[in-house]
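The structure appears below as structure tokens.
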Amino acid sequence: MSDLSEIISRNEDAIRAEWIRDMSMSVQRTDLISKTELDEQCRALLTAIVAGAKSSEVADVSSAAWKVAREILQEISASRARQGFSPREVATFVLSLKQPLFTAIRKDLAKSQEKVFEAVWSATELLESLALFTTEVYTVTREELISRQQQELLELSTPVVKLWDGILALPIIGTLDSARTQVVMENLLQTVVATNSKYAIIDITGVPTVDTLVAQHLLKTITAARLMGAECIISGVRPQIAQTIVHLGINLEDVITKAKLSDAFALALDKSGRMVTRKSGAAGAATNAMLPGPINKREG
Amino acid sequence: MERIPVLRMGSLLLITIQVDMHDKLAMQLQDDVTQRISDWGSTGVLIDISSLEIVDSFIGRMLANIAGMSRVLGAETVVVGMQPAVAITLVELGMSLPGVRTALSVEAGMELLYGAGAGFKTGRDDDPAEA
Amino acid sequence: MRARDLKREGTMTQPRRETLPLKTSNDVVFARQKVRQWAIELHFGLVDQTKLVTAASELARNALDHGKGGQMVIEQVTNGARAGLKLIFEDQGPGIPNIEMALKDGYSTGTGMGLGLGGSKRLVNEFSVESTPGKGTRVTVVRWK
């Protein structure tokens with residue numbers, strides 16, 4: 001297929017110009033990518049295609065000869081995926097090379113119809129393989145982007161609150177899967193260190209179901225906190241959850257659980273050597289005496 | 001050979017691990033601690049691992065061993081300052097160090113060993129109060 | 001003696017890889033530090049770094065203690081747009097007769113709690129063990145960013 005590589009080499013500038021011209025405005029996206037950058041990318045890709053087409057592994061796009069072309073396409077596709085190009089736009093970038101190639105082939109091999117057909121066929125197969133590769137890379141990049149956004153969302157949705165000096169609360173809302181547990185654990189433990197808090201109340205009122213897996217995730221968090229020297233109290237255990245825990249035989253022996261957050265808070269205060277008292281009677285009377293009107297007058 | 005220093009503060013032994021230990025160093029520390037408890041009649045051992053960025057199963061076992069051996073010799077051990085990433089990794093590894101008491105800081109560790117308001121102990125006490 | 005195959009200005013076409021011997025307990029420490037260095041360069045998060053370095057420590061120690069010494073290979077890998085680190089631990093030791101059992105927590109043929117293999121598996125994304133009793137063992141792990 002040295003024919004194809006020669007044809008491209010000979011007509012490189014013309015092909016590239018036609019390629020870019022044919023790329024509709026929507027594929028060019030001058031709002032996202034400059035004309036010079038686009039020209040550079042097309043030039044680099046064509047050179048890589050020539051190199052690949054020259055080699056003996058001309059048909060196999062996954063072979064070593066096509067490595068440079070793959071890497072260029074990888075970069076182009078990944079950066080476009082991140083920039084927000086649509087999948088169609090990215091694939092069209094490669095596929096719109098067909099027409100200019102065919103034009104060059106027809107011109108160079110005009111004498112033999114047989115050769116023209118062969119060359120067109122090879123070029124078609126080649127471009128389609130490259131386009132497929134490009135689309136694959138695009139998909140992977142988008143998935144990565146989405147998972148990163150999910151991660152950020154996770155971090156935002158599990159705030160750690162300081163209830164008192166040395167006492168933290170972590171209200172969990174929504175399901176607790178393994179990915180979320182990682183984020184929750186990291187967040188909680190870092191806050192424990194930063195605030196030097198010995199007690200962390202994990203409130204699961206907002207967790208819809210607690211099965212063995214969720215329990216495992218919670219236990220991991222509790223164990224990690226304990227290793228650091230902090231103690232966790234679980235609160236917000238609903239009656240149904242309590243039943244599920246017992247039915248599943250989940251062992252929460254070493255874990256303190258409370259039905260209400262307020263109970264957990266009271267416990268943490270107690271454990272940290274504090275108690276809540278009412279203000280003394282004298283202070284109360286003074287406040288009352290400051291109230292104008294009937295209450296005072298009723299004395300008589 | 002280099003050793004991890006074991007400092008004495010009255011009845012307390014204070015150990016700060018700041019280097020990436022190779023196995024022999026870890027074994028040496030175990031020996032040193034038990035020897036010192038025996039020599040000085042220490043009743044408390046405080047191991048500060050706040051500088052350790054890695055605790056693998058070997059180091060974990062070392063900590064558990066020190067806690068166990070010390071207890072047999074009449075001393076209580078507290079490990080303090082474990083970093084969050086280390087704690088998360090240890091749990092994933094499957095180690096929960098059940099026999100090892102922990103605290104957030106050296107201060108908290110001393111409070112755990114000798115009670116609230118405890119600072120430097122002169123070593124005359126027979127029974128250190130535990131919080 | 002240490003083979004340093006590190007190409008700092010790794011171009012896109014050459015996979016970066018480095019081989020370290022695991023002959024002494026100091027080598028285990030050095031191996032940890034190398035893995036940490038690589039992980040930092042690739043901008044792994046702190047927890048990911050710690051998990052990978054800890055797994056490396058476990059497996060390096062295994063190769064040394066049970067495998068009678070061997071080597072570790074660090075290699076940067078990519079999967080589409082993802083970057084990752086691959087570690088290969090090889091030794092010519094007695095091998096592991098029953099890999100399935102060895103992966104279960106608490107199993108060990110020697111002293112210690114035997115958590116190395118099973119525990120390490122949980123610290124990485126990909127994990128494979130090949131072992132022939134009498135010939136040696138190779139453990140390959142990958143952690144993606």
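Residue numbers start at 1 in each chain; chains themselves are named A, B, ... in the order of the structure tokens; ligands are numbered from 1 in the order shown.
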Got a sec to pull out which chain C residues are within 6 Å of chain B, counting only C-alpha atoms, and send them as a ChimeraX atom specification?
/C:25-26,29,47,51,54,119
Keeping N, CA and C atoms, export the residues of the selection given above as an mmCIF file, in the first residue's frame.
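The resulting file, selection03.cif, is shown below:
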```cif
data_model
loop_
_atom_site.group_PDB
_atom_site.id
_atom_site.type_symbol
_atom_site.label_atom_id
_atom_site.label_comp_id
_atom_site.auth_asym_id
_atom_site.auth_seq_id
_atom_site.Cartn_x
_atom_site.Cartn_y
_atom_site.Cartn_z
ATOM 1 N N SER C 25 16.881 -6.094 53.670
ATOM 2 C CA SER C 25 15.722 -5.390 54.213
ATOM 3 C C SER C 25 15.809 -3.890 53.901
ATOM 4 N N ASN C 26 17.002 -3.399 53.664
ATOM 5 C CA ASN C 26 17.137 -2.004 53.241
ATOM 6 C C ASN C 26 16.529 -1.791 51.859
ATOM 7 N N VAL C 29 12.923 -0.964 52.044
ATOM 8 C CA VAL C 29 12.695 0.453 52.346
ATOM 9 C C VAL C 29 12.915 1.292 51.101
ATOM 10 N N VAL C 47 -4.072 9.175 49.647
ATOM 11 C CA VAL C 47 -4.527 7.855 50.082
ATOM 12 C C VAL C 47 -4.132 6.796 49.056
ATOM 13 N N LYS C 51 -1.753 3.597 49.808
ATOM 14 C CA LYS C 51 -2.170 2.218 49.569
ATOM 15 C C LYS C 51 -1.174 1.492 48.680
ATOM 16 N N THR C 54 2.175 0.883 50.487
ATOM 17 C CA THR C 54 2.025 -0.161 51.494
ATOM 18 C C THR C 54 1.968 -1.533 50.836
ATOM 19 N N GLY C 119 -4.253 -9.045 51.791
ATOM 20 C CA GLY C 119 -4.424 -7.637 52.120
ATOM 21 C C GLY C 119 -3.990 -6.740 50.980
#
```
Can you list, as a PyMOL selection string, all residues belonging to stretch 58-267 of chain A that DSSP tags as strand (DSSP E)?
chain A and resi 161-164+167-173+199-206+231-235+256-257
Mind dumping the selected residues with C-alpha atoms as a PDB file, in the first residue's frame?
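Dumped to selection03.pdb:
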```pdb
ATOM      1  CA  VAL A 161     -19.894  19.520  61.326  1.00  0.00           C
ATOM      2  CA  LYS A 162     -18.292  20.538  64.603  1.00  0.00           C
ATOM      3  CA  LEU A 163     -20.880  20.203  67.351  1.00  0.00           C
ATOM      4  CA  TRP A 164     -18.598  21.150  70.178  1.00  0.00           C
ATOM      5  CA  ILE A 167     -17.083  16.485  69.019  1.00  0.00           C
ATOM      6  CA  LEU A 168     -17.881  16.145  65.319  1.00  0.00           C
ATOM      7  CA  ALA A 169     -21.058  15.136  63.536  1.00  0.00           C
ATOM      8  CA  LEU A 170     -21.250  13.557  60.124  1.00  0.00           C
ATOM      9  CA  PRO A 171     -24.792  13.366  58.751  1.00  0.00           C
ATOM     10  CA  ILE A 172     -24.848  10.943  55.853  1.00  0.00           C
ATOM     11  CA  ILE A 173     -27.624  11.405  53.350  1.00  0.00           C
ATOM     12  CA  TYR A 199     -15.642  11.928  69.160  1.00  0.00           C
ATOM     13  CA  ALA A 200     -17.372  11.627  65.824  1.00  0.00           C
ATOM     14  CA  ILE A 201     -21.097  11.047  65.561  1.00  0.00           C
ATOM     15  CA  ILE A 202     -22.085   9.374  62.321  1.00  0.00           C
ATOM     16  CA  ASP A 203     -25.753   9.981  61.739  1.00  0.00           C
ATOM     17  CA  ILE A 204     -27.414   7.581  59.357  1.00  0.00           C
ATOM     18  CA  THR A 205     -30.954   8.934  59.507  1.00  0.00           C
ATOM     19  CA  GLY A 206     -30.638   9.768  55.821  1.00  0.00           C
ATOM     20  CA  GLU A 231     -14.275   7.167  68.825  1.00  0.00           C
ATOM     21  CA  CYS A 232     -17.345   6.954  66.611  1.00  0.00           C
ATOM     22  CA  ILE A 233     -20.945   6.841  67.728  1.00  0.00           C
ATOM     23  CA  ILE A 234     -23.619   5.866  65.256  1.00  0.00           C
ATOM     24  CA  SER A 235     -26.908   7.690  65.573  1.00  0.00           C
ATOM     25  CA  ILE A 256     -22.054   2.448  70.313  1.00  0.00           C
ATOM     26  CA  THR A 257     -25.324   3.170  68.561  1.00  0.00           C
TER      27      THR A 257
END
```
I need the residues of chain C that end up classed as helix (DSSP H, G or I) by DSSP on the backbone, written out as a PyMOL selection string.
chain C and resi 25-41+46-65+99-103+116-123
Using the selection just defined, write its residues with N, CA and C atoms as a tab-separated table (two decimals), in the first residue's frame.
```tsv
chain	number	residue	atom	x	y	z
C	25	SER	N	16.88	-6.09	53.67
C	25	SER	CA	15.72	-5.39	54.21
C	25	SER	C	15.81	-3.89	53.90
C	26	ASN	N	17.00	-3.40	53.66
C	26	ASN	CA	17.14	-2.00	53.24
C	26	ASN	C	16.53	-1.79	51.86
C	27	ASP	N	16.66	-2.84	51.03
C	27	ASP	CA	16.09	-2.76	49.69
C	27	ASP	C	14.58	-2.58	49.75
C	28	VAL	N	13.97	-3.19	50.75
C	28	VAL	CA	12.51	-3.06	50.89
C	28	VAL	C	12.16	-1.60	51.17
C	29	VAL	N	12.92	-0.96	52.04
C	29	VAL	CA	12.69	0.45	52.35
C	29	VAL	C	12.91	1.29	51.10
C	30	PHE	N	14.01	1.01	50.40
C	30	PHE	CA	14.31	1.76	49.19
C	30	PHE	C	13.21	1.59	48.15
C	31	ALA	N	12.71	0.36	48.04
C	31	ALA	CA	11.64	0.09	47.08
C	31	ALA	C	10.41	0.92	47.41
C	32	ARG	N	10.06	0.99	48.68
C	32	ARG	CA	8.91	1.79	49.13
C	32	ARG	C	9.08	3.23	48.70
C	33	GLN	N	10.27	3.75	48.96
C	33	GLN	CA	10.51	5.16	48.68
C	33	GLN	C	10.46	5.44	47.18
C	34	LYS	N	10.94	4.49	46.39
C	34	LYS	CA	10.89	4.66	44.94
C	34	LYS	C	9.45	4.71	44.44
C	35	VAL	N	8.66	3.77	44.95
C	35	VAL	CA	7.26	3.71	44.52
C	35	VAL	C	6.56	5.01	44.92
C	36	ARG	N	6.88	5.50	46.10
C	36	ARG	CA	6.30	6.76	46.57
C	36	ARG	C	6.66	7.89	45.61
C	37	GLN	N	7.93	7.93	45.25
C	37	GLN	CA	8.42	8.95	44.32
C	37	GLN	C	7.65	8.93	43.01
C	38	TRP	N	7.52	7.75	42.43
C	38	TRP	CA	6.80	7.60	41.18
C	38	TRP	C	5.35	8.04	41.33
C	39	ALA	N	4.75	7.61	42.43
C	39	ALA	CA	3.33	7.93	42.63
C	39	ALA	C	3.13	9.44	42.75
C	40	ILE	N	4.07	10.10	43.42
C	40	ILE	CA	3.98	11.55	43.57
C	40	ILE	C	4.13	12.22	42.21
C	41	GLU	N	5.09	11.73	41.43
C	41	GLU	CA	5.31	12.31	40.10
C	41	GLU	C	4.09	12.20	39.21
C	46	LEU	N	-3.12	11.32	48.01
C	46	LEU	CA	-2.35	10.81	49.15
C	46	LEU	C	-2.77	9.41	49.58
C	47	VAL	N	-4.07	9.18	49.65
C	47	VAL	CA	-4.53	7.86	50.08
C	47	VAL	C	-4.13	6.80	49.06
C	48	ASP	N	-4.28	7.10	47.78
C	48	ASP	CA	-3.88	6.17	46.73
C	48	ASP	C	-2.39	5.86	46.84
C	49	GLN	N	-1.60	6.91	47.05
C	49	GLN	CA	-0.15	6.73	47.20
C	49	GLN	C	0.12	5.75	48.34
C	50	THR	N	-0.49	6.07	49.48
C	50	THR	CA	-0.23	5.27	50.68
C	50	THR	C	-0.61	3.81	50.46
C	51	LYS	N	-1.75	3.60	49.81
C	51	LYS	CA	-2.17	2.22	49.57
C	51	LYS	C	-1.17	1.49	48.68
C	52	LEU	N	-0.75	2.16	47.61
C	52	LEU	CA	0.17	1.51	46.69
C	52	LEU	C	1.52	1.23	47.33
C	53	VAL	N	2.03	2.22	48.06
C	53	VAL	CA	3.34	2.05	48.69
C	53	VAL	C	3.28	0.95	49.75
C	54	THR	N	2.18	0.88	50.49
C	54	THR	CA	2.03	-0.16	51.49
C	54	THR	C	1.97	-1.53	50.84
C	55	ALA	N	1.22	-1.63	49.73
C	55	ALA	CA	1.16	-2.91	49.01
C	55	ALA	C	2.55	-3.29	48.54
C	56	ALA	N	3.29	-2.30	48.03
C	56	ALA	CA	4.65	-2.56	47.56
C	56	ALA	C	5.51	-3.09	48.69
C	57	SER	N	5.35	-2.48	49.87
C	57	SER	CA	6.13	-2.92	51.02
C	57	SER	C	5.83	-4.38	51.35
C	58	GLU	N	4.54	-4.71	51.38
C	58	GLU	CA	4.13	-6.09	51.68
C	58	GLU	C	4.74	-7.06	50.69
C	59	LEU	N	4.57	-6.74	49.40
C	59	LEU	CA	4.99	-7.68	48.37
C	59	LEU	C	6.50	-7.76	48.24
C	60	ALA	N	7.17	-6.63	48.47
C	60	ALA	CA	8.63	-6.65	48.42
C	60	ALA	C	9.16	-7.53	49.55
C	61	ARG	N	8.54	-7.36	50.71
C	61	ARG	CA	8.96	-8.14	51.85
C	61	ARG	C	8.73	-9.63	51.62
C	62	ASN	N	7.58	-9.95	51.01
C	62	ASN	CA	7.29	-11.35	50.68
C	62	ASN	C	8.38	-11.92	49.80
C	63	ALA	N	8.73	-11.15	48.76
C	63	ALA	CA	9.74	-11.64	47.82
C	63	ALA	C	11.06	-11.89	48.55
C	64	LEU	N	11.34	-11.04	49.51
C	64	LEU	CA	12.60	-11.17	50.24
C	64	LEU	C	12.55	-12.31	51.24
C	65	ASP	N	11.50	-12.30	52.10
C	65	ASP	CA	11.43	-13.28	53.18
C	65	ASP	C	11.04	-14.67	52.70
C	99	ILE	N	-2.29	-20.98	45.90
C	99	ILE	CA	-2.47	-19.54	45.81
C	99	ILE	C	-3.80	-19.08	46.43
C	100	GLU	N	-4.83	-19.87	46.21
C	100	GLU	CA	-6.14	-19.47	46.73
C	100	GLU	C	-6.11	-19.34	48.25
C	101	MET	N	-5.47	-20.31	48.88
C	101	MET	CA	-5.38	-20.26	50.34
C	101	MET	C	-4.55	-19.06	50.79
C	102	ALA	N	-3.47	-18.82	50.03
C	102	ALA	CA	-2.57	-17.73	50.40
C	102	ALA	C	-3.26	-16.38	50.35
C	103	LEU	N	-4.27	-16.28	49.47
C	103	LEU	CA	-4.96	-15.00	49.34
C	103	LEU	C	-5.94	-14.77	50.47
C	116	GLY	N	-0.03	-10.42	54.09
C	116	GLY	CA	0.60	-9.74	52.96
C	116	GLY	C	-0.15	-9.84	51.65
C	117	LEU	N	-0.41	-11.06	51.21
C	117	LEU	CA	-0.95	-11.24	49.87
C	117	LEU	C	-2.42	-10.81	49.76
C	118	GLY	N	-3.24	-11.36	50.62
C	118	GLY	CA	-4.67	-11.05	50.55
C	118	GLY	C	-4.94	-9.58	50.80
C	119	GLY	N	-4.25	-9.05	51.79
C	119	GLY	CA	-4.42	-7.64	52.12
C	119	GLY	C	-3.99	-6.74	50.98
C	120	SER	N	-2.84	-7.05	50.39
C	120	SER	CA	-2.33	-6.23	49.29
C	120	SER	C	-3.31	-6.19	48.14
C	121	LYS	N	-3.99	-7.29	47.92
C	121	LYS	CA	-4.93	-7.34	46.81
C	121	LYS	C	-5.98	-6.24	46.94
C	122	ARG	N	-6.39	-5.98	48.18
C	122	ARG	CA	-7.41	-4.96	48.40
C	122	ARG	C	-6.88	-3.55	48.23
C	123	LEU	N	-5.57	-3.41	48.24
C	123	LEU	CA	-5.01	-2.06	48.15
C	123	LEU	C	-4.78	-1.61	46.71
```
Which residues come within 12 Å of stretch 6-8 of chain A, counting only C-alpha atoms, excluding same-chain residues fewer than 2 positions away, as number ranges by chain?
A: 1-4, 10-16, 43, 45-55, 97-98, 100-109, 116, 119-120, 123
Using C-alpha atoms, can you write the selected residues to a file as a PDB file, in the first residue's frame?
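This went into again_5.pdb:
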```
ATOM      1  CA  MET A   1       0.000   0.000   0.000  1.00  0.00           C
ATOM      2  CA  SER A   2       2.973   2.223  -0.527  1.00  0.00           C
ATOM      3  CA  ASP A   3       0.745   3.682  -3.217  1.00  0.00           C
ATOM      4  CA  LEU A   4      -1.448   5.290  -0.612  1.00  0.00           C
ATOM      5  CA  ARG A  10       2.677  13.976  -2.945  1.00  0.00           C
ATOM      6  CA  ASN A  11      -0.576  15.787  -2.342  1.00  0.00           C
ATOM      7  CA  GLU A  12      -0.218  16.580   1.329  1.00  0.00           C
ATOM      8  CA  ASP A  13      -0.893  20.300   1.217  1.00  0.00           C
ATOM      9  CA  ALA A  14      -3.855  19.976  -1.095  1.00  0.00           C
ATOM     10  CA  ILE A  15      -5.375  17.183   0.960  1.00  0.00           C
ATOM     11  CA  ARG A  16      -4.941  19.067   4.174  1.00  0.00           C
ATOM     12  CA  ARG A  43      -0.580  18.213   9.556  1.00  0.00           C
ATOM     13  CA  LEU A  45      -1.939  13.353  11.721  1.00  0.00           C
ATOM     14  CA  LEU A  46      -1.330  13.216   7.998  1.00  0.00           C
ATOM     15  CA  THR A  47       2.388  12.715   8.570  1.00  0.00           C
ATOM     16  CA  ALA A  48       1.646   9.893  10.986  1.00  0.00           C
ATOM     17  CA  ILE A  49      -0.769   8.301   8.524  1.00  0.00           C
ATOM     18  CA  VAL A  50       1.861   8.416   5.809  1.00  0.00           C
ATOM     19  CA  ALA A  51       4.311   6.673   8.121  1.00  0.00           C
ATOM     20  CA  GLY A  52       1.783   4.014   9.062  1.00  0.00           C
ATOM     21  CA  ALA A  53       0.632   3.467   5.474  1.00  0.00           C
ATOM     22  CA  LYS A  54       4.244   2.996   4.393  1.00  0.00           C
ATOM     23  CA  SER A  55       4.823   0.155   6.839  1.00  0.00           C
ATOM     24  CA  LEU A  97     -10.431  13.034   5.469  1.00  0.00           C
ATOM     25  CA  LYS A  98     -12.069  10.543   3.113  1.00  0.00           C
ATOM     26  CA  PRO A 100      -9.842  14.772   0.018  1.00  0.00           C
ATOM     27  CA  LEU A 101      -8.060  11.413  -0.060  1.00  0.00           C
ATOM     28  CA  PHE A 102     -10.374  10.088  -2.745  1.00  0.00           C
ATOM     29  CA  THR A 103      -9.840  13.236  -4.767  1.00  0.00           C
ATOM     30  CA  ALA A 104      -6.065  12.742  -4.607  1.00  0.00           C
ATOM     31  CA  ILE A 105      -6.353   9.040  -5.415  1.00  0.00           C
ATOM     32  CA  ARG A 106      -8.561   9.684  -8.444  1.00  0.00           C
ATOM     33  CA  LYS A 107      -6.137  12.287  -9.683  1.00  0.00           C
ATOM     34  CA  ASP A 108      -2.972  10.230  -9.207  1.00  0.00           C
ATOM     35  CA  LEU A 109      -4.257   6.833 -10.336  1.00  0.00           C
ATOM     36  CA  VAL A 116      -8.355   3.499  -7.952  1.00  0.00           C
ATOM     37  CA  ALA A 119      -6.781   2.408  -3.120  1.00  0.00           C
ATOM     38  CA  VAL A 120     -10.168   3.873  -2.233  1.00  0.00           C
ATOM     39  CA  ALA A 123      -8.220   4.223   2.447  1.00  0.00           C
TER      40      ALA A 123
END
```
Mind listing as number ranges by chain which residues of chain A are within 7 Å of chain C, counting only C-alpha atoms?
A: 78, 137, 140-141
Hey, can you spit out that residue selection with C-alpha atoms as a compact mmCIF listing (two decimals), in the first residue's frame?
```txt
# COMPACT_ATOMS: atom_id res chain seq x y z
CA ALA A 78 -9.15 13.27 24.71
CA VAL A 137 -10.69 7.26 23.33
CA VAL A 140 -13.04 6.72 27.93
CA THR A 141 -12.22 10.37 28.48
```
Give me, as a tab-separated table, the closest atom pair and its distance (Å, one decimal) for every residue of chain A within a cut-off of 7 Å of chain B, counting only C-alpha atoms, rows sorted by chain and rising number.
```
residue	atom	partner	partner_atom	distance
A:Glu186	CA	B:Pro84	CA	6.9
A:Leu189	CA	B:Pro84	CA	5.5
A:Gln190	CA	B:Pro84	CA	6.2
A:Asn196	CA	B:Leu104	CA	6.9
A:Lys220	CA	B:Val91	CA	6.4
A:Thr223	CA	B:Ser96	CA	6.5
A:Ala224	CA	B:Ala87	CA	4.9
A:Leu227	CA	B:Ala87	CA	6.1
A:Met228	CA	B:Met82	CA	4.9
A:Gly229	CA	B:Ala103	CA	3.7
A:Ala230	CA	B:Leu104	CA	6.7
```
Take the selection from the previous step and output its residues with N, CA and C atoms, as a PDB file, in the first residue's frame.
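Contents of the output file result13.pdb:
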```pdb
ATOM      1  N   GLU A 186     -12.140   9.677  54.310  1.00  0.00           N
ATOM      2  CA  GLU A 186     -11.044  10.638  54.195  1.00  0.00           C
ATOM      3  C   GLU A 186     -11.415  11.965  54.809  1.00  0.00           C
ATOM      4  N   LEU A 189     -11.780  11.677  58.725  1.00  0.00           N
ATOM      5  CA  LEU A 189     -10.515  11.494  59.431  1.00  0.00           C
ATOM      6  C   LEU A 189      -9.640  12.745  59.357  1.00  0.00           C
ATOM      7  N   GLN A 190      -9.664  13.414  58.215  1.00  0.00           N
ATOM      8  CA  GLN A 190      -8.870  14.636  58.109  1.00  0.00           C
ATOM      9  C   GLN A 190      -9.401  15.703  59.054  1.00  0.00           C
ATOM     10  N   ASN A 196      -8.751  18.070  66.138  1.00  0.00           N
ATOM     11  CA  ASN A 196      -8.366  17.312  67.340  1.00  0.00           C
ATOM     12  C   ASN A 196      -9.598  16.801  68.086  1.00  0.00           C
ATOM     13  N   LYS A 220     -15.608  -0.023  58.634  1.00  0.00           N
ATOM     14  CA  LYS A 220     -14.271   0.367  58.186  1.00  0.00           C
ATOM     15  C   LYS A 220     -13.950   1.763  58.682  1.00  0.00           C
ATOM     16  N   THR A 223     -13.370   1.731  62.421  1.00  0.00           N
ATOM     17  CA  THR A 223     -12.073   1.131  62.772  1.00  0.00           C
ATOM     18  C   THR A 223     -10.937   2.076  62.464  1.00  0.00           C
ATOM     19  N   ALA A 224     -11.003   2.729  61.308  1.00  0.00           N
ATOM     20  CA  ALA A 224      -9.945   3.663  60.939  1.00  0.00           C
ATOM     21  C   ALA A 224      -9.871   4.799  61.949  1.00  0.00           C
ATOM     22  N   LEU A 227      -8.240   3.633  65.099  1.00  0.00           N
ATOM     23  CA  LEU A 227      -6.791   3.507  64.966  1.00  0.00           C
ATOM     24  C   LEU A 227      -6.104   4.846  65.178  1.00  0.00           C
ATOM     25  N   MET A 228      -6.828   5.895  64.864  1.00  0.00           N
ATOM     26  CA  MET A 228      -6.236   7.218  65.027  1.00  0.00           C
ATOM     27  C   MET A 228      -6.431   7.751  66.438  1.00  0.00           C
ATOM     28  N   GLY A 229      -7.307   7.115  67.199  1.00  0.00           N
ATOM     29  CA  GLY A 229      -7.515   7.578  68.555  1.00  0.00           C
ATOM     30  C   GLY A 229      -8.835   8.313  68.746  1.00  0.00           C
ATOM     31  N   ALA A 230      -9.725   8.192  67.768  1.00  0.00           N
ATOM     32  CA  ALA A 230     -11.028   8.836  67.890  1.00  0.00           C
ATOM     33  C   ALA A 230     -12.101   7.761  68.004  1.00  0.00           C
TER      34      ALA A 230
END
```
For each of A:Ser157, A:Thr124, A:Asn251, A:Ser197, take the minimum atom-to-atom distance to A:Ser272, counting only C-alpha atoms, then give the residue where this is smallest.
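The closest residue to A:Ser272 is A:Ser197.
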Distance of atom CA of B:Ile4 from atom CA of B:Gly68, expressed in Å to one decimal place:
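Going from atom CA of B:Gly68 over to atom CA of B:Ile4 covers 19.2 Å.
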Using only C-alpha atoms, determine which residues lie at most 7 Å from C:Thr140, disregarding the query and same-chain residues fewer than 6 positions distant; provide the list as a PyMOL selection string.
chain C and resi 87-89+127-129
Could you save those same residues with C-alpha atoms as a CSV table (one decimal), in the first residue's frame?
```
chain,number,residue,atom,x,y,z
C,87,LEU,CA,4.6,-3.1,40.0
C,88,ILE,CA,6.0,-6.5,39.3
C,89,PHE,CA,7.5,-8.5,42.1
C,127,PHE,CA,-3.7,-8.1,41.0
C,128,SER,CA,-2.4,-11.3,39.6
C,129,VAL,CA,-0.2,-14.0,41.0
```
